[in-house]
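Novice: File structure-v4.cif below, mmCIF, C-alpha atoms:
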```cif
data_run
loop_
_atom_site.label_atom_id
_atom_site.label_comp_id
_atom_site.auth_asym_id
_atom_site.auth_seq_id
_atom_site.Cartn_x
_atom_site.Cartn_y
_atom_site.Cartn_z
CA MET A 1 75.42 68.13 56.74
CA THR A 2 76.79 71.20 58.48
CA THR A 3 74.14 73.20 60.22
CA GLU A 4 74.30 76.90 60.77
CA SER A 5 72.24 79.01 63.09
CA CYS A 6 72.63 82.68 63.91
CA GLY A 7 75.80 82.73 61.81
CA VAL A 8 77.60 80.22 64.02
CA LYS A 9 78.79 77.15 62.21
CA ALA A 10 78.57 73.84 64.05
CA VAL A 11 81.97 72.20 64.33
CA SER A 12 82.13 68.46 64.78
CA PHE A 13 83.89 66.81 67.70
CA TRP A 14 86.46 65.20 65.41
CA SER A 15 87.27 68.50 63.79
CA LYS A 16 87.32 70.54 66.98
CA HIS A 17 89.58 68.19 68.90
CA ARG A 18 91.78 66.89 66.09
CA THR A 19 94.96 68.52 67.39
CA LEU A 20 94.40 67.08 70.85
CA ILE A 21 93.75 63.64 69.40
CA LEU A 22 96.94 63.83 67.33
CA ILE A 23 98.95 64.75 70.41
CA SER A 24 97.33 61.92 72.37
CA SER A 25 98.27 59.53 69.61
CA ILE A 26 101.91 60.63 69.85
CA VAL A 27 101.88 60.05 73.59
CA LEU A 28 100.22 56.66 73.30
CA PHE A 29 102.27 55.24 70.42
CA LEU A 30 105.65 56.97 70.43
CA PRO A 31 108.57 57.02 72.89
CA PRO A 32 109.29 57.82 75.59
CA LEU A 33 105.88 56.64 76.87
CA ALA A 34 104.66 54.46 73.96
CA ALA A 35 101.94 53.19 76.25
CA ILE A 36 100.14 51.06 73.68
CA ILE A 37 103.28 49.67 72.08
CA GLN A 38 104.57 48.65 75.51
CA LEU A 39 101.61 46.33 75.99
CA THR A 40 103.49 43.77 73.91
CA GLY A 41 106.87 44.62 75.39
CA ASP A 42 107.96 46.58 72.33
CA THR A 43 109.39 50.06 72.05
CA ASN A 44 108.69 50.83 68.39
CA PHE A 45 106.84 49.72 65.26
CA CYS A 46 109.53 47.31 64.12
CA GLY A 47 108.98 43.58 64.67
CA ARG A 48 105.59 42.66 66.10
CA TRP A 49 104.07 46.05 65.27
CA CYS A 50 105.48 46.41 61.76
CA PRO A 51 102.57 47.40 59.50
CA ARG A 52 104.53 47.61 56.25
CA MET A 53 106.40 44.38 55.70
CA PHE A 54 104.06 41.43 56.18
CA PHE A 55 102.18 41.87 52.89
CA VAL A 56 105.35 41.99 50.77
CA TRP A 57 106.30 38.80 48.96
CA ARG A 58 110.03 38.15 48.55
CA GLU A 59 111.71 36.14 45.82
CA GLY A 60 112.18 32.52 46.80
CA GLN A 61 109.85 32.80 49.74
CA THR A 62 107.60 29.85 50.47
CA MET A 63 103.96 30.27 51.36
CA SER A 64 104.65 29.15 54.91
CA SER A 65 107.41 31.71 55.43
CA PHE A 66 105.16 34.38 53.90
CA LEU A 67 102.42 33.48 56.35
CA MET A 68 104.96 33.38 59.18
CA GLY A 69 105.50 37.06 58.44
CA PHE A 70 101.88 37.61 59.42
CA VAL A 71 102.42 35.75 62.67
CA ARG A 72 105.67 37.56 63.42
CA ALA A 73 104.08 40.97 62.91
CA TYR A 74 100.71 40.04 64.37
CA MET A 75 100.11 43.42 65.96
CA GLY A 76 100.94 45.17 62.70
CA VAL A 77 98.55 42.86 60.86
CA ALA A 78 95.79 43.56 63.36
CA LEU A 79 96.45 47.28 63.12
CA VAL A 80 96.32 47.36 59.32
CA ALA A 81 93.21 45.15 59.24
CA ALA A 82 91.47 47.43 61.72
CA ILE A 83 92.50 50.49 59.72
CA LEU A 84 91.19 49.09 56.43
CA VAL A 85 87.89 47.89 57.87
CA THR A 86 87.10 51.11 59.73
CA THR A 87 88.10 53.14 56.69
CA LEU A 88 85.55 51.31 54.55
CA ALA A 89 82.78 52.60 56.79
CA PHE A 90 84.04 55.89 58.16
CA GLY A 91 86.91 57.10 55.98
CA ARG A 92 90.59 57.46 56.76
CA TYR A 93 90.31 58.48 60.41
CA TRP A 94 93.50 56.58 61.15
CA CYS A 95 95.43 58.80 58.77
CA SER A 96 93.77 62.06 59.70
CA HIS A 97 93.45 61.69 63.47
CA LEU A 98 95.25 58.68 64.86
CA CYS A 99 98.44 57.98 62.95
CA PRO A 100 101.29 58.70 65.39
CA VAL A 101 103.77 58.79 62.53
CA ALA A 102 101.97 61.51 60.62
CA ALA A 103 100.97 63.51 63.69
CA PRO A 104 104.41 64.98 64.49
CA LEU A 105 104.91 65.91 60.85
CA GLU A 106 101.64 67.77 60.57
CA LEU A 107 101.93 69.42 63.98
CA GLY A 108 105.54 70.33 63.23
CA SER A 109 104.59 71.87 59.91
CA ARG A 110 102.13 74.15 61.66
CA LEU A 111 105.06 75.74 63.48
CA ILE A 112 106.91 76.55 60.26
CA PRO A 113 106.13 79.86 58.54
CA ASN A 114 104.36 79.38 55.22
CA LYS A 115 107.10 81.07 53.24
CA PHE A 116 109.49 78.25 54.09
CA LYS A 117 107.11 75.47 53.09
CA LEU A 118 107.23 73.41 49.91
CA ASN A 119 103.98 73.14 48.01
CA PHE A 120 103.58 69.71 46.47
CA SER A 121 99.99 70.26 45.37
CA ALA A 122 101.03 70.31 41.71
CA THR A 123 101.58 66.56 41.87
CA PRO A 124 98.74 64.12 41.26
CA ALA A 125 99.37 62.20 44.45
CA PRO A 126 97.51 58.96 43.61
CA SER A 127 99.54 58.38 40.44
CA PHE A 128 102.82 58.98 42.25
CA ARG A 129 101.80 56.95 45.28
CA TYR A 130 100.72 53.87 43.34
CA GLY A 131 103.77 54.10 41.06
CA TYR A 132 105.88 53.93 44.18
CA LEU A 133 103.74 51.18 45.70
CA LEU A 134 104.21 49.16 42.53
CA ILE A 135 107.98 49.15 43.00
CA TYR A 136 107.50 48.58 46.73
CA LEU A 137 105.67 45.33 45.93
CA ILE A 138 107.53 44.21 42.79
CA ALA A 139 111.18 44.85 43.77
CA PRO A 140 111.28 42.23 46.57
CA ALA A 141 109.27 39.79 44.47
CA ILE A 142 111.83 39.83 41.66
CA GLY A 143 114.72 39.82 44.09
CA ILE A 144 116.37 43.20 43.59
CA GLY A 145 115.91 44.22 47.21
CA SER A 146 113.28 45.50 49.57
CA LEU A 147 112.01 49.00 50.15
CA CYS A 148 110.31 47.97 53.38
CA CYS A 149 112.87 49.51 55.67
CA ASN A 150 114.15 52.16 53.27
CA TYR A 151 112.00 55.27 53.54
CA CYS A 152 110.22 53.67 56.50
CA ASN A 153 108.27 56.31 58.31
CA PHE A 154 107.14 53.82 60.96
CA ALA A 155 110.79 53.20 61.83
CA ALA A 156 112.14 56.73 61.53
CA VAL A 157 109.58 58.72 63.53
CA PRO A 158 109.60 56.54 66.68
CA ARG A 159 113.41 56.52 66.56
CA LEU A 160 113.42 60.30 66.29
CA PHE A 161 111.45 60.50 69.54
CA ALA A 162 113.58 57.83 71.19
CA ALA A 163 116.92 59.32 70.11
CA PRO A 164 117.34 61.53 73.21
CA PHE A 165 116.95 58.46 75.43
CA SER A 166 118.59 55.70 73.42
CA GLU A 167 122.06 55.58 71.92
CA GLY A 168 121.00 52.99 69.35
CA ASP A 169 118.20 55.17 68.04
CA LEU A 170 120.50 58.18 67.92
CA ILE A 171 123.08 56.26 65.90
CA TYR A 172 120.35 55.31 63.39
CA PHE A 173 120.24 58.93 62.28
CA LEU A 174 124.00 59.02 61.77
CA ARG A 175 123.80 56.24 59.18
CA PHE A 176 122.99 56.80 55.52
CA GLN A 177 119.51 55.28 55.79
CA GLY A 178 118.73 57.37 58.85
CA VAL A 179 119.91 60.55 57.14
CA VAL A 180 117.74 59.81 54.10
CA ASN A 181 114.72 59.10 56.28
CA PHE A 182 115.29 62.20 58.35
CA GLY A 183 115.53 64.26 55.16
CA LEU A 184 112.27 62.79 53.90
CA LEU A 185 110.53 63.57 57.18
CA LEU A 186 111.76 67.15 56.93
CA PHE A 187 111.07 67.87 53.26
CA LEU A 188 107.92 65.80 52.83
CA GLY A 189 106.63 66.42 56.33
CA ILE A 190 107.56 69.36 58.46
CA PHE A 191 108.54 71.64 55.59
CA ALA A 192 105.65 70.59 53.33
CA LYS A 193 102.46 72.57 53.02
CA GLY A 194 99.96 70.77 55.24
CA GLY A 195 102.67 68.43 56.54
CA ARG A 196 101.19 65.46 54.72
CA ALA A 197 103.29 65.02 51.59
CA TYR A 198 104.98 61.91 52.97
CA CYS A 199 101.57 60.37 53.78
CA ASN A 200 100.28 61.29 50.36
CA LEU A 201 103.25 60.14 48.31
CA LEU A 202 105.28 57.44 50.03
CA CYS A 203 103.36 55.76 52.86
CA PRO A 204 102.33 52.24 51.76
CA VAL A 205 99.86 51.92 54.62
CA GLY A 206 98.31 55.20 53.50
CA ALA A 207 98.16 53.85 49.93
CA LEU A 208 96.28 50.74 51.03
CA ASP A 209 94.06 52.85 53.26
CA ALA A 210 93.30 55.17 50.36
CA LEU A 211 92.17 52.20 48.26
CA SER A 212 89.85 51.16 51.07
CA ASN A 213 88.62 54.75 51.25
CA LYS A 214 87.86 54.76 47.54
CA ILE A 215 86.10 51.40 47.59
CA GLY A 216 83.99 52.31 50.62
CA ALA A 217 83.01 55.70 49.23
CA ARG A 218 79.98 54.14 47.55
CA PHE A 219 78.34 53.30 50.84
CA GLY A 220 80.40 54.69 53.71
CA ARG A 221 80.68 58.07 55.35
CA ARG A 222 83.01 60.46 53.58
CA VAL A 223 83.69 64.14 53.21
CA ARG A 224 81.45 65.16 50.31
CA ILE A 225 80.36 68.24 48.44
CA ASP A 226 76.84 69.53 48.13
CA HIS A 227 77.07 70.83 44.58
CA ASP A 228 73.88 72.85 44.94
CA ALA A 229 75.51 74.96 47.65
CA CYS A 230 79.05 74.99 46.28
CA THR A 231 80.18 78.18 44.54
CA ASN A 232 83.55 76.82 43.34
CA CYS A 233 85.33 79.50 45.40
CA GLY A 234 88.29 77.18 46.01
CA ASP A 235 88.76 78.00 49.71
CA CYS A 236 88.57 74.30 50.54
CA SER A 237 91.27 73.45 48.02
CA VAL A 238 93.69 75.92 49.58
CA VAL A 239 93.47 74.44 53.09
CA CYS A 240 93.41 70.77 52.07
CA PRO A 241 96.62 69.16 53.44
CA THR A 242 96.41 66.25 51.01
CA TRP A 243 95.54 68.38 47.95
CA ALA A 244 92.53 66.14 47.35
CA ILE A 245 90.16 68.84 46.12
CA ASP A 246 90.02 69.89 42.49
CA VAL A 247 88.27 73.11 41.65
CA THR A 248 87.52 73.26 37.99
CA ASP A 249 84.06 73.61 36.53
CA LEU A 250 82.87 71.39 39.32
CA THR A 251 84.59 71.06 42.68
CA THR A 252 85.38 67.43 43.36
CA ILE A 253 87.07 65.47 46.13
CA ASN A 254 89.43 62.68 45.16
CA GLN A 255 88.77 59.87 47.63
CA LEU A 256 92.18 58.37 46.85
CA SER A 257 93.72 61.33 48.64
CA CYS A 258 91.02 62.60 51.00
CA MET A 259 91.13 62.00 54.73
CA PRO A 260 88.42 63.36 57.02
CA CYS A 261 90.44 66.09 58.67
CA ARG A 262 87.44 68.33 57.93
CA GLN A 263 89.54 71.44 57.39
CA CYS A 264 87.67 72.05 54.15
CA GLN A 265 84.37 71.73 55.97
CA ASP A 266 85.47 74.25 58.58
CA VAL A 267 86.60 76.80 56.04
CA CYS A 268 83.61 76.54 53.70
CA GLN A 269 81.49 79.66 54.06
CA HIS A 270 78.55 78.16 52.20
CA GLY A 271 78.05 74.94 54.14
CA ALA A 272 78.67 73.05 50.92
CA ILE A 273 80.95 70.41 52.41
CA TYR A 274 79.59 67.74 54.69
CA TYR A 275 80.62 64.42 56.14
CA GLY A 276 78.15 61.66 55.50
CA LYS A 277 76.84 58.89 53.30
CA PRO A 278 76.28 59.40 49.60
CA ALA A 279 73.10 61.17 48.68
CA ALA A 280 70.33 58.77 47.74
CA MET B 1 91.05 65.93 37.89
CA ALA B 2 94.60 65.93 36.69
CA SER B 3 95.15 65.33 33.02
CA ARG B 4 96.16 61.89 31.84
CA ARG B 5 99.59 63.15 30.82
CA LEU B 6 100.20 64.69 34.21
CA SER B 7 99.07 61.50 35.95
CA LEU B 8 101.43 59.49 33.80
CA VAL B 9 104.34 61.80 34.64
CA ALA B 10 103.52 61.50 38.34
CA GLY B 11 103.29 57.72 38.05
CA VAL B 12 106.71 57.56 36.42
CA MET B 13 108.07 59.79 39.18
CA GLY B 14 106.60 57.44 41.77
CA VAL B 15 108.31 54.50 40.11
CA SER B 16 111.56 56.51 40.01
CA ALA B 17 111.23 57.24 43.72
CA GLY B 18 110.87 53.54 44.36
CA LEU B 19 113.92 52.74 42.28
CA ALA B 20 116.06 55.55 43.73
CA PRO B 21 117.49 53.50 46.62
CA TYR B 22 118.90 51.02 44.09
CA LEU B 23 120.76 53.75 42.21
CA PRO B 24 123.95 53.64 44.33
CA THR B 25 124.16 49.87 43.75
CA VAL B 26 123.73 50.33 40.02
CA ILE B 27 126.43 52.96 39.61
CA CYS B 28 128.90 51.38 42.03
CA PRO B 29 131.49 49.08 40.37
CA GLY B 30 130.99 46.59 43.18
CA VAL B 31 134.53 46.59 44.50
CA ALA B 32 135.49 47.70 47.97
CA CYS B 33 134.35 51.22 48.72
CA ALA B 34 136.84 53.76 47.41
CA SER B 35 135.03 56.64 49.10
CA CYS B 36 134.39 58.22 45.73
CA PHE B 37 130.96 59.36 46.95
CA ALA B 38 129.48 58.63 43.52
CA CYS B 39 126.61 56.90 45.30
CA VAL B 40 125.93 59.96 47.44
CA GLY B 41 126.10 62.21 44.38
CA ALA B 42 123.76 60.00 42.40
CA GLY B 43 121.35 59.69 45.31
CA GLY B 44 121.44 63.43 45.89
CA ALA B 45 120.86 64.19 42.22
CA ALA B 46 117.96 61.74 42.05
CA ALA B 47 116.41 63.16 45.22
CA SER B 48 116.83 66.73 43.97
CA ALA B 49 115.24 65.87 40.62
CA LEU B 50 112.32 64.25 42.37
CA VAL B 51 111.72 67.16 44.73
CA VAL B 52 111.96 69.68 41.91
CA GLY B 53 109.61 67.58 39.81
CA LEU B 54 107.15 67.18 42.64
CA ILE B 55 106.90 70.85 43.41
CA SER B 56 107.10 71.97 39.79
CA ARG B 57 104.42 74.48 38.94
CA LYS B 58 104.71 73.80 35.26
CA PHE B 59 102.17 71.04 35.48
CA GLY B 60 100.42 72.53 38.51
CA LYS B 61 96.75 72.58 39.18
CA PRO B 62 95.46 76.07 38.49
CA SER B 63 93.01 75.85 41.37
CA SER B 64 95.42 75.22 44.19
CA GLY B 65 98.48 77.20 43.28
CA GLY B 66 97.16 80.39 44.75
CA ASP B 67 99.14 82.75 42.58
CA GLU B 68 97.60 82.10 39.20
CA PRO B 69 95.38 84.78 37.73
CA ALA B 70 91.76 84.35 38.68
CA THR B 71 89.11 84.18 36.02
CA ALA B 72 86.21 86.54 36.36
CA ILE B 73 83.05 86.85 34.33
CA VAL B 74 82.22 90.42 33.45
CA GLU B 75 78.97 91.81 32.28
CA GLY B 76 78.12 90.93 28.74
CA GLY B 77 79.30 87.39 29.12
CA ASN B 78 82.93 88.01 28.21
CA THR B 79 85.54 86.31 30.31
CA THR B 80 88.63 88.11 31.48
CA THR B 81 91.47 87.47 33.85
#
```
Kindly return the structure encoded in the file as structure tokens.
Specialist:
Amino acid sequence: MTTESCGVKAVSFWSKHRTLILISSIVLFLPPLAAIIQLTGDTNFCGRWCPRMFFVWREGQTMSSFLMGFVRAYMGVALVAAILVTTLAFGRYWCSHLCPVAAPLELGSRLIPNKFKLNFSATPAPSFRYGYLLIYLIAPAIGIGSLCCNYCNFAAVPRLFAAPFSEGDLIYFLRFQGVVNFGLLLFLGIFAKGGRAYCNLLCPVGALDALSNKIGARFGRRVRIDHDACTNCGDCSVVCPTWAIDVTDLTTINQLSCMPCRQCQDVCQHGAIYYGKPAA
Amino acid sequence: MASRRLSLVAGVMGVSAGLAPYLPTVICPGVACASCFACVGAGGAAASALVVGLISRKFGKPSSGGDEPATAIVEGGNTTT
């Protein structure tokens, strides 16, 4: 729980250095350096690092070819497995601090004046997200096509960073799919309040991670509310980038949307928000 | 928490977003491209409808909109805005 002494609120390491961590993630995962991706000789998240395609079953696919997808994208599989397991215990730190795809969107949105930003907080994100995920999983299974590479944030963002250095990546944004993806990154990312609308509405990895977050909330560490200290002032709800906080008669955090960015904890004047295990 | 109706609307919008990329295929007659741009128009209309729906304040949460009238409790127990 947040401690206060002499009017100075203690700020956690993860909250204090979140911006720096996000920038580091961009440097480590995205072009031109892409230091971590280069360990396997890759330049982007497509192929071996693809985290979105291996769990999608396609019509007519045999079990062996489905499993071969896991082998082909072994780094993506390892990444998603690590994300889901760590989320169970600690919450969605991948989404809030480490995701190199979300980082540029959130950091970019901070540079945009508020009056130009779209506020998507009216939308119940979990319903939208899992409606979309349903089609994401069903459409390839019944053979009407795949959404894996349409709307792919893990393809578009690295290509955006690589475009100044690579003709192929630049051409991607001159094609219809690239234009659509670029538009989504702009309207659901940089020009969205909090910069996280894409994460909250369309990212399938985020959707799986949110399920893990919800399941692990019973025993793991999460951002929680101390209802004895909470005054329902709603300050936390205003700063939440994933519009996860509902302030009605009782302020609640929806763990299907929450990620531990801790902005709510920082803004709470009453020390009513803490990161920890559920109260006994 | 969002109402059940609002959640249902959002769920349908999510499904629509998933189906949106198939819209050009559905409306296209399937012959060689005649550059009619019907696909672009349909895609643009669908995207616009989704964005407008997503940011619509009609179904918005009163707590996070920021510009809704605040409720205050005055002396005597009466509630005013």
Novice: Compare A:Val239, A:Ala122, A:Ile253, A:Leu186 by their minimum atom-to-atom distance to chain B, counting all atoms listed in the file, and give me the closest one.
Specialist: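 Nearest candidate to chain B out of A:Val239, A:Ala122, A:Ile253, A:Leu186: A:Ala122.
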Novice: Please write as a list in words the full residue list that the PyMOL selection byres ((chain A) within 6 of (chain B)) yields on this file.
Specialist: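 Those residues are Asn119, Phe120, Ala122, Thr123, Pro124, Ser127, Phe128, Arg129, Gly131, Tyr132, Ile135, Ser237, Val238 and Val247 of chain A.
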Novice: Could you tell me, as a PyMOL selection string, exactly which residues end up selected when the PyMOL selection byres ((chain A and resi 169) around 12) is applied to this structure?
Specialist: chain A and resi 31-32+43-44+155-168+170-175+178
Novice: How about saving the chosen residues, C-alpha atoms kept, as a tab-separated table (two decimals), in the coordinates of the input?
Specialist:
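Once everything was written out, this is out_9.tsv:
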```tsv
chain	number	residue	atom	x	y	z
A	31	PRO	CA	108.57	57.02	72.89
A	32	PRO	CA	109.29	57.82	75.59
A	43	THR	CA	109.39	50.06	72.05
A	44	ASN	CA	108.69	50.83	68.39
A	155	ALA	CA	110.79	53.20	61.83
A	156	ALA	CA	112.14	56.73	61.53
A	157	VAL	CA	109.58	58.72	63.53
A	158	PRO	CA	109.60	56.54	66.68
A	159	ARG	CA	113.41	56.52	66.56
A	160	LEU	CA	113.42	60.30	66.29
A	161	PHE	CA	111.45	60.50	69.54
A	162	ALA	CA	113.58	57.83	71.19
A	163	ALA	CA	116.92	59.32	70.11
A	164	PRO	CA	117.34	61.53	73.21
A	165	PHE	CA	116.95	58.46	75.43
A	166	SER	CA	118.59	55.70	73.42
A	167	GLU	CA	122.06	55.58	71.92
A	168	GLY	CA	121.00	52.99	69.35
A	170	LEU	CA	120.50	58.18	67.92
A	171	ILE	CA	123.08	56.26	65.90
A	172	TYR	CA	120.35	55.31	63.39
A	173	PHE	CA	120.24	58.93	62.28
A	174	LEU	CA	124.00	59.02	61.77
A	175	ARG	CA	123.80	56.24	59.18
A	178	GLY	CA	118.73	57.37	58.85
```
Novice: Under the rule that only C-alpha atoms are counted, which of A:Tyr198, A:Phe191, A:Phe154, A:Trp57 is the nearest residue to Ile142 in chain A?
Specialist: A:Trp57
Novice: Please compute the CA of Leu111 in chain A-CA of Cys236 in chain A distance, one decimal, in Å.
Specialist: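 Those two atoms sit 21.0 Å apart.
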Novice: Residue by residue, what does the PyMOL selection byres ((chain A and resi 265-270) around 12) grab here? Present the result as a PyMOL selection string.
Specialist: chain A and resi 1-4+7-16+222-240+245+253+259-264+271-276
Novice: Between A:Ala197, A:Gly206, A:Gly41, A:Asn150, which residue has the minimum interatomic distance to Phe176 in chain A, considering all atoms listed in the file?
Specialist: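 Selected residue with least distance to Phe176 in chain A: A:Asn150.
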Novice: By how many Å are CA of Phe182 in chain A and CA of Val77 in chain A apart?
Specialist: 25.7 Å
Novice: Quick one: residues within 8 Å of Leu185 in chain A, all atoms listed in the file, excluding same-chain residues fewer than 3 positions away - as a PyMOL selection string?
Specialist: chain A and resi 105+153+181-182+188-190+198
Novice: Hey, could you patch up range 11-24 of chain B with N, CA and C atoms and hand it over as a PDB file, in the frame of the given file?
Specialist:
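Once written, out_15.pdb looks like this:
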```pdb
ATOM      1  N   GLY B  11     103.102  59.158  37.866  1.00  0.00           N
ATOM      2  CA  GLY B  11     103.290  57.720  38.050  1.00  0.00           C
ATOM      3  C   GLY B  11     104.730  57.311  37.801  1.00  0.00           C
ATOM      4  N   VAL B  12     105.305  57.859  36.744  1.00  0.00           N
ATOM      5  CA  VAL B  12     106.710  57.560  36.420  1.00  0.00           C
ATOM      6  C   VAL B  12     107.618  58.087  37.542  1.00  0.00           C
ATOM      7  N   MET B  13     107.272  59.249  38.071  1.00  0.00           N
ATOM      8  CA  MET B  13     108.070  59.790  39.180  1.00  0.00           C
ATOM      9  C   MET B  13     107.964  58.907  40.418  1.00  0.00           C
ATOM     10  N   GLY B  14     106.781  58.357  40.646  1.00  0.00           N
ATOM     11  CA  GLY B  14     106.600  57.440  41.770  1.00  0.00           C
ATOM     12  C   GLY B  14     107.461  56.194  41.607  1.00  0.00           C
ATOM     13  N   VAL B  15     107.467  55.662  40.397  1.00  0.00           N
ATOM     14  CA  VAL B  15     108.310  54.500  40.110  1.00  0.00           C
ATOM     15  C   VAL B  15     109.784  54.857  40.307  1.00  0.00           C
ATOM     16  N   SER B  16     110.168  56.059  39.848  1.00  0.00           N
ATOM     17  CA  SER B  16     111.560  56.510  40.010  1.00  0.00           C
ATOM     18  C   SER B  16     111.918  56.621  41.490  1.00  0.00           C
ATOM     19  N   ALA B  17     110.970  57.125  42.282  1.00  0.00           N
ATOM     20  CA  ALA B  17     111.230  57.240  43.720  1.00  0.00           C
ATOM     21  C   ALA B  17     111.456  55.863  44.334  1.00  0.00           C
ATOM     22  N   GLY B  18     110.703  54.894  43.857  1.00  0.00           N
ATOM     23  CA  GLY B  18     110.870  53.540  44.360  1.00  0.00           C
ATOM     24  C   GLY B  18     112.205  52.938  43.962  1.00  0.00           C
ATOM     25  N   LEU B  19     112.660  53.300  42.778  1.00  0.00           N
ATOM     26  CA  LEU B  19     113.920  52.740  42.280  1.00  0.00           C
ATOM     27  C   LEU B  19     115.146  53.501  42.789  1.00  0.00           C
ATOM     28  N   ALA B  20     114.944  54.700  43.306  1.00  0.00           N
ATOM     29  CA  ALA B  20     116.060  55.550  43.730  1.00  0.00           C
ATOM     30  C   ALA B  20     117.027  54.881  44.706  1.00  0.00           C
ATOM     31  N   PRO B  21     116.533  54.118  45.694  1.00  0.00           N
ATOM     32  CA  PRO B  21     117.490  53.500  46.620  1.00  0.00           C
ATOM     33  C   PRO B  21     118.425  52.503  45.954  1.00  0.00           C
ATOM     34  N   TYR B  22     118.046  51.981  44.782  1.00  0.00           N
ATOM     35  CA  TYR B  22     118.900  51.020  44.090  1.00  0.00           C
ATOM     36  C   TYR B  22     119.966  51.703  43.251  1.00  0.00           C
ATOM     37  N   LEU B  23     119.839  53.016  43.079  1.00  0.00           N
ATOM     38  CA  LEU B  23     120.760  53.750  42.210  1.00  0.00           C
ATOM     39  C   LEU B  23     122.220  53.616  42.645  1.00  0.00           C
ATOM     40  N   PRO B  24     122.537  53.784  43.926  1.00  0.00           N
ATOM     41  CA  PRO B  24     123.950  53.640  44.330  1.00  0.00           C
ATOM     42  C   PRO B  24     124.515  52.268  43.974  1.00  0.00           C
TER      43      PRO B  24
END
```
